[in-house]
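Data file: run.csv. Format and content: CSV, C-alpha atoms.
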```
chain,number,residue,atom,x,y,z
A,1,MET,CA,93.5,128.0,96.5
A,2,ALA,CA,94.2,124.4,97.5
A,3,LEU,CA,98.0,124.6,97.0
A,4,SER,CA,98.2,127.2,99.8
A,5,HIS,CA,97.2,124.5,102.3
A,6,VAL,CA,100.2,122.2,101.4
A,7,PRO,CA,102.4,123.1,104.4
A,8,PRO,CA,105.9,122.6,102.8
A,9,LEU,CA,104.9,124.5,99.7
A,10,ARG,CA,103.2,127.3,101.8
A,11,ASP,CA,106.2,127.6,104.1
A,12,TYR,CA,108.7,127.8,101.2
A,13,PHE,CA,106.8,130.5,99.4
A,14,LEU,CA,106.0,132.5,102.6
A,15,ARG,CA,109.7,133.3,102.8
A,16,GLU,CA,110.6,135.3,99.8
A,17,GLU,CA,114.4,134.8,100.3
A,18,ASN,CA,113.9,131.1,99.4
A,19,TYR,CA,113.3,132.0,95.7
A,20,ALA,CA,114.3,135.7,95.4
A,21,ASP,CA,117.9,134.9,94.2
A,22,VAL,CA,116.9,132.3,91.5
A,23,LYS,CA,118.9,133.2,88.4
A,24,ARG,CA,117.0,133.1,85.1
A,25,PRO,CA,118.2,134.3,81.7
A,26,PRO,CA,117.5,138.0,80.9
A,27,GLY,CA,114.0,138.6,79.5
A,28,ASP,CA,112.7,135.2,80.9
A,29,LYS,CA,109.1,135.7,82.0
A,30,LEU,CA,108.9,132.5,84.0
A,31,ILE,CA,110.4,134.1,87.1
A,32,MET,CA,107.2,136.2,87.4
A,33,LEU,CA,105.1,133.2,88.3
A,34,PRO,CA,106.9,132.1,91.5
A,35,LYS,CA,107.1,135.8,92.6
A,36,ARG,CA,103.4,136.3,92.1
A,37,PHE,CA,102.5,133.0,93.6
A,38,GLY,CA,104.6,133.9,96.7
A,39,GLU,CA,102.9,137.3,97.0
A,40,LEU,CA,99.5,135.6,96.8
A,41,LEU,CA,100.4,133.1,99.5
A,42,ARG,CA,101.8,135.9,101.7
A,43,LYS,CA,98.6,137.9,101.3
A,44,LEU,CA,96.5,134.8,102.1
A,45,TRP,CA,98.4,133.9,105.2
A,46,ASN,CA,99.0,137.4,106.5
A,47,PRO,CA,97.5,137.5,110.1
A,48,LYS,CA,97.4,141.3,110.1
A,49,ALA,CA,95.5,141.7,106.8
A,50,PHE,CA,93.0,144.6,106.9
A,51,LYS,CA,90.5,142.8,104.7
A,52,ALA,CA,89.6,139.1,104.8
A,53,HIS,CA,89.5,138.7,101.0
A,54,VAL,CA,92.5,138.5,98.7
A,55,SER,CA,92.6,139.2,94.9
A,56,PRO,CA,94.6,136.7,92.8
A,57,HIS,CA,94.6,139.1,89.9
A,58,GLU,CA,98.4,139.6,89.7
A,59,MET,CA,99.0,135.8,89.9
A,60,LEU,CA,96.4,135.2,87.1
A,61,GLN,CA,98.1,137.9,84.9
A,62,ALA,CA,101.4,136.1,85.4
A,63,SER,CA,99.8,132.8,84.5
A,64,VAL,CA,98.4,134.3,81.3
A,65,LEU,CA,101.8,135.7,80.4
A,66,CYS,CA,103.8,132.6,81.2
A,67,SER,CA,101.4,130.3,79.4
A,68,ASN,CA,101.5,132.5,76.2
A,69,LYS,CA,97.8,133.3,76.7
A,70,LYS,CA,96.8,129.6,76.7
A,71,PHE,CA,95.0,130.3,80.0
A,72,GLN,CA,92.9,133.4,80.0
A,73,ILE,CA,91.3,135.3,82.9
A,74,THR,CA,88.1,135.8,81.0
A,75,LYS,CA,87.7,132.1,79.8
A,76,GLN,CA,87.1,129.1,82.0
A,77,GLY,CA,89.6,126.3,81.4
A,78,ASP,CA,90.4,122.8,82.5
A,79,ALA,CA,91.4,122.8,86.2
A,80,ALA,CA,93.7,119.7,85.8
A,81,GLU,CA,95.4,121.2,82.8
A,82,PHE,CA,96.0,124.5,84.8
A,83,LEU,CA,97.3,122.6,87.8
A,84,ASN,CA,99.7,120.7,85.5
A,85,PHE,CA,100.9,124.0,83.9
A,86,LEU,CA,101.3,125.7,87.3
A,87,LEU,CA,103.3,122.9,88.9
A,88,ASN,CA,105.6,122.4,85.9
A,89,THR,CA,106.1,126.1,85.3
A,90,LEU,CA,106.9,126.7,89.0
A,91,HIS,CA,109.4,123.8,88.8
A,92,ARG,CA,111.1,125.2,85.7
A,93,ALA,CA,111.1,128.8,87.1
A,94,LEU,CA,112.9,127.6,90.2
A,95,ASN,CA,115.6,126.1,88.0
A,96,GLY,CA,114.3,122.5,88.4
A,97,THR,CA,115.7,119.7,86.4
A,98,ARG,CA,114.6,116.1,86.0
A,99,LYS,CA,116.1,115.1,89.3
A,100,THR,CA,113.6,114.5,92.1
A,101,SER,CA,115.1,116.9,94.6
A,102,SER,CA,115.9,119.7,92.1
A,103,SER,CA,113.1,122.0,93.2
A,104,ILE,CA,110.6,122.3,96.0
A,105,ILE,CA,107.8,121.3,93.6
A,106,TYR,CA,109.4,117.9,92.8
A,107,LYS,CA,110.4,117.4,96.5
A,108,ILE,CA,106.8,117.7,97.5
A,109,PHE,CA,104.7,116.4,94.7
A,110,ARG,CA,106.8,114.0,92.6
A,111,GLY,CA,106.0,110.4,93.1
A,112,HIS,CA,106.7,107.1,91.3
A,113,LEU,CA,104.3,104.5,90.1
A,114,HIS,CA,105.3,101.0,89.1
A,115,GLU,CA,103.7,99.9,85.9
A,116,TYR,CA,103.6,96.2,85.1
A,117,THR,CA,103.0,95.0,81.6
A,118,ARG,CA,103.0,91.7,79.9
A,119,LYS,CA,102.3,90.6,76.3
A,120,VAL,CA,99.1,88.6,76.0
A,121,ILE,CA,99.5,85.0,75.0
A,122,PRO,CA,97.2,83.9,72.1
A,123,VAL,CA,94.1,82.1,73.2
A,124,GLU,CA,94.5,79.1,70.9
A,125,THR,CA,97.9,78.2,72.4
A,126,THR,CA,98.1,74.8,74.2
A,127,GLU,CA,99.0,74.7,77.9
A,128,GLU,CA,102.5,73.3,77.3
A,129,ALA,CA,103.2,76.0,74.7
A,130,ARG,CA,101.8,78.6,77.0
A,131,ARG,CA,104.2,77.7,79.8
A,132,ALA,CA,107.1,77.8,77.3
A,133,LEU,CA,106.1,81.2,76.1
A,134,LEU,CA,105.9,82.6,79.6
A,135,GLU,CA,109.6,81.8,80.0
A,136,THR,CA,110.6,83.8,77.0
A,137,ASP,CA,111.7,87.4,77.4
A,138,GLU,CA,108.9,88.6,75.0
A,139,TYR,CA,106.1,87.3,77.3
A,140,LYS,CA,107.7,88.0,80.7
A,141,GLU,CA,106.3,90.7,82.9
A,142,LYS,CA,108.0,94.0,82.5
A,143,LYS,CA,108.3,96.6,85.3
A,144,LEU,CA,108.5,100.3,84.5
A,145,GLU,CA,108.8,103.1,87.0
A,146,VAL,CA,106.7,106.1,86.0
A,147,PRO,CA,107.2,109.5,87.7
A,148,PHE,CA,104.1,111.7,88.3
A,149,LEU,CA,103.2,115.1,89.8
A,150,TYR,CA,99.5,114.3,90.4
A,151,LEU,CA,97.2,111.3,89.9
A,152,THR,CA,93.8,111.4,88.3
A,153,LEU,CA,90.8,109.5,89.8
A,154,ASP,CA,88.0,108.1,87.8
A,155,LEU,CA,84.8,109.5,89.2
A,156,PRO,CA,81.5,107.7,88.8
A,157,ALA,CA,79.1,109.0,86.1
A,158,ALA,CA,76.3,111.3,87.1
A,159,PRO,CA,72.9,109.5,87.4
A,160,LEU,CA,70.8,109.4,84.3
A,161,TYR,CA,67.5,110.2,86.1
A,162,ARG,CA,66.6,112.8,88.7
A,163,ASP,CA,65.4,112.0,92.1
A,164,GLU,CA,61.9,112.8,93.4
A,165,GLN,CA,63.0,116.4,94.2
A,166,MET,CA,64.0,116.8,90.5
A,167,GLN,CA,67.7,117.0,91.4
A,168,ASN,CA,70.6,114.9,90.2
A,169,ILE,CA,72.1,113.2,93.2
A,170,ILE,CA,75.9,112.9,93.0
A,171,PRO,CA,76.9,109.4,94.0
A,172,GLN,CA,79.0,109.3,97.2
A,173,VAL,CA,82.1,107.1,96.7
A,174,PRO,CA,84.8,106.6,99.3
A,175,LEU,CA,88.2,107.8,98.4
A,176,SER,CA,89.6,104.4,99.1
A,177,ALA,CA,87.4,102.9,96.4
A,178,LEU,CA,88.7,105.5,93.9
A,179,ILE,CA,92.4,104.9,94.5
A,180,THR,CA,92.1,101.1,94.2
A,181,LYS,CA,93.5,101.4,90.6
A,182,PHE,CA,96.8,102.3,92.2
A,183,ASN,CA,97.1,99.5,94.7
A,184,GLY,CA,99.2,97.2,92.6
A,185,VAL,CA,96.6,94.4,92.7
A,186,THR,CA,93.7,95.7,90.5
A,187,GLU,CA,94.3,95.5,86.8
A,188,LYS,CA,93.2,98.3,84.7
```
Structure translated into structure tokens:
Amino acid sequence: MALSHVPPLRDYFLREENYADVKRPPGDKLIMLPKRFGELLRKLWNPKAFKAHVSPHEMLQASVLCSNKKFQITKQGDAAEFLNFLLNTLHRALNGTRKTSSSIIYKIFRGHLHEYTRKVIPVETTEEARRALLETDEYKEKKLEVPFLYLTLDLPAAPLYRDEQMQNIIPQVPLSALITKFNGVTEK
């Protein structure tokens, strides 16, 4: 579980007193998810564990219950969709609000992206009219701050043909090349 290697998140959930006194309405099943997630992390990071393997079964059952059976133990689902569900549900279960520092989840993972947009000027416009249009509010560049919990990267497509060993070679792309769409220079 990759989230168990995020030090602030791991440290928060290793200490049960951090989230044990979170008040939720009676009958609210969301409180189960942070408790089960914390149990799983404590089992994973227990230096005195008798066995090296840990079963995430209780955590998965809590995920099924909290998602109203959208995510099933017996069916494979989309990992990004589950990550989104898990982060948002943990945030809400810890009484998180829209404020950035309202829960440990938003403190760690919440970021902001600046999105710049501009209305496209028609091609048949003369240069003089183009300059005049750029000065109007309608055609000025607008900046919008967009919050996010995670970013998705566009991976290259798998090759169409197999190599001489009859295997598909997955193209190796540096991470820096994948995140260029977030550098503020590249237009997408």
Legend entry - Exercise: Val22 in chain A partners within 12 Å, only C-alpha atoms, chain neighbours under 4 positions left out, as a count of residues only: 17
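The spacing separating CA of Phe148 in chain A from CA of Pro174 in chain A amounts to 22.8 Å.
Between CA of Glu145 in chain A and CA of Thr100 in chain A there is a distance of 13.4 Å.
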Inset, instruction - Grab the CA of Pro25 in chain A to CA of Ser63 in chain A distance for me, in Å with one decimal place. - result: 18.7 Å
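Distances to Arg110 in chain A were evaluated for A:Lys75, A:Lys69, A:Lys140, A:Tyr150 using only C-alpha atoms, and the minimum falls at A:Tyr150.
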Inset, instruction - Pull the neighbourhood of (99.3, 134.8, 97.2) for me: all residues within 9 Å in file coordinates, counting all atoms listed in the file, as a ChimeraX atom specification. - result: /A:1,4,13-14,36-45,54-56,58-59
Pull C-alpha atoms from the residues just selected and write them as a PDB file, keeping the file's coordinate frame.
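And here's part.pdb as it stands now:
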```
ATOM      1  CA  MET A   1      93.500 128.000  96.500  1.00  0.00           C
ATOM      2  CA  SER A   4      98.200 127.200  99.800  1.00  0.00           C
ATOM      3  CA  PHE A  13     106.800 130.500  99.400  1.00  0.00           C
ATOM      4  CA  LEU A  14     106.000 132.500 102.600  1.00  0.00           C
ATOM      5  CA  ARG A  36     103.400 136.300  92.100  1.00  0.00           C
ATOM      6  CA  PHE A  37     102.500 133.000  93.600  1.00  0.00           C
ATOM      7  CA  GLY A  38     104.600 133.900  96.700  1.00  0.00           C
ATOM      8  CA  GLU A  39     102.900 137.300  97.000  1.00  0.00           C
ATOM      9  CA  LEU A  40      99.500 135.600  96.800  1.00  0.00           C
ATOM     10  CA  LEU A  41     100.400 133.100  99.500  1.00  0.00           C
ATOM     11  CA  ARG A  42     101.800 135.900 101.700  1.00  0.00           C
ATOM     12  CA  LYS A  43      98.600 137.900 101.300  1.00  0.00           C
ATOM     13  CA  LEU A  44      96.500 134.800 102.100  1.00  0.00           C
ATOM     14  CA  TRP A  45      98.400 133.900 105.200  1.00  0.00           C
ATOM     15  CA  VAL A  54      92.500 138.500  98.700  1.00  0.00           C
ATOM     16  CA  SER A  55      92.600 139.200  94.900  1.00  0.00           C
ATOM     17  CA  PRO A  56      94.600 136.700  92.800  1.00  0.00           C
ATOM     18  CA  GLU A  58      98.400 139.600  89.700  1.00  0.00           C
ATOM     19  CA  MET A  59      99.000 135.800  89.900  1.00  0.00           C
TER      20      MET A  59
END
```
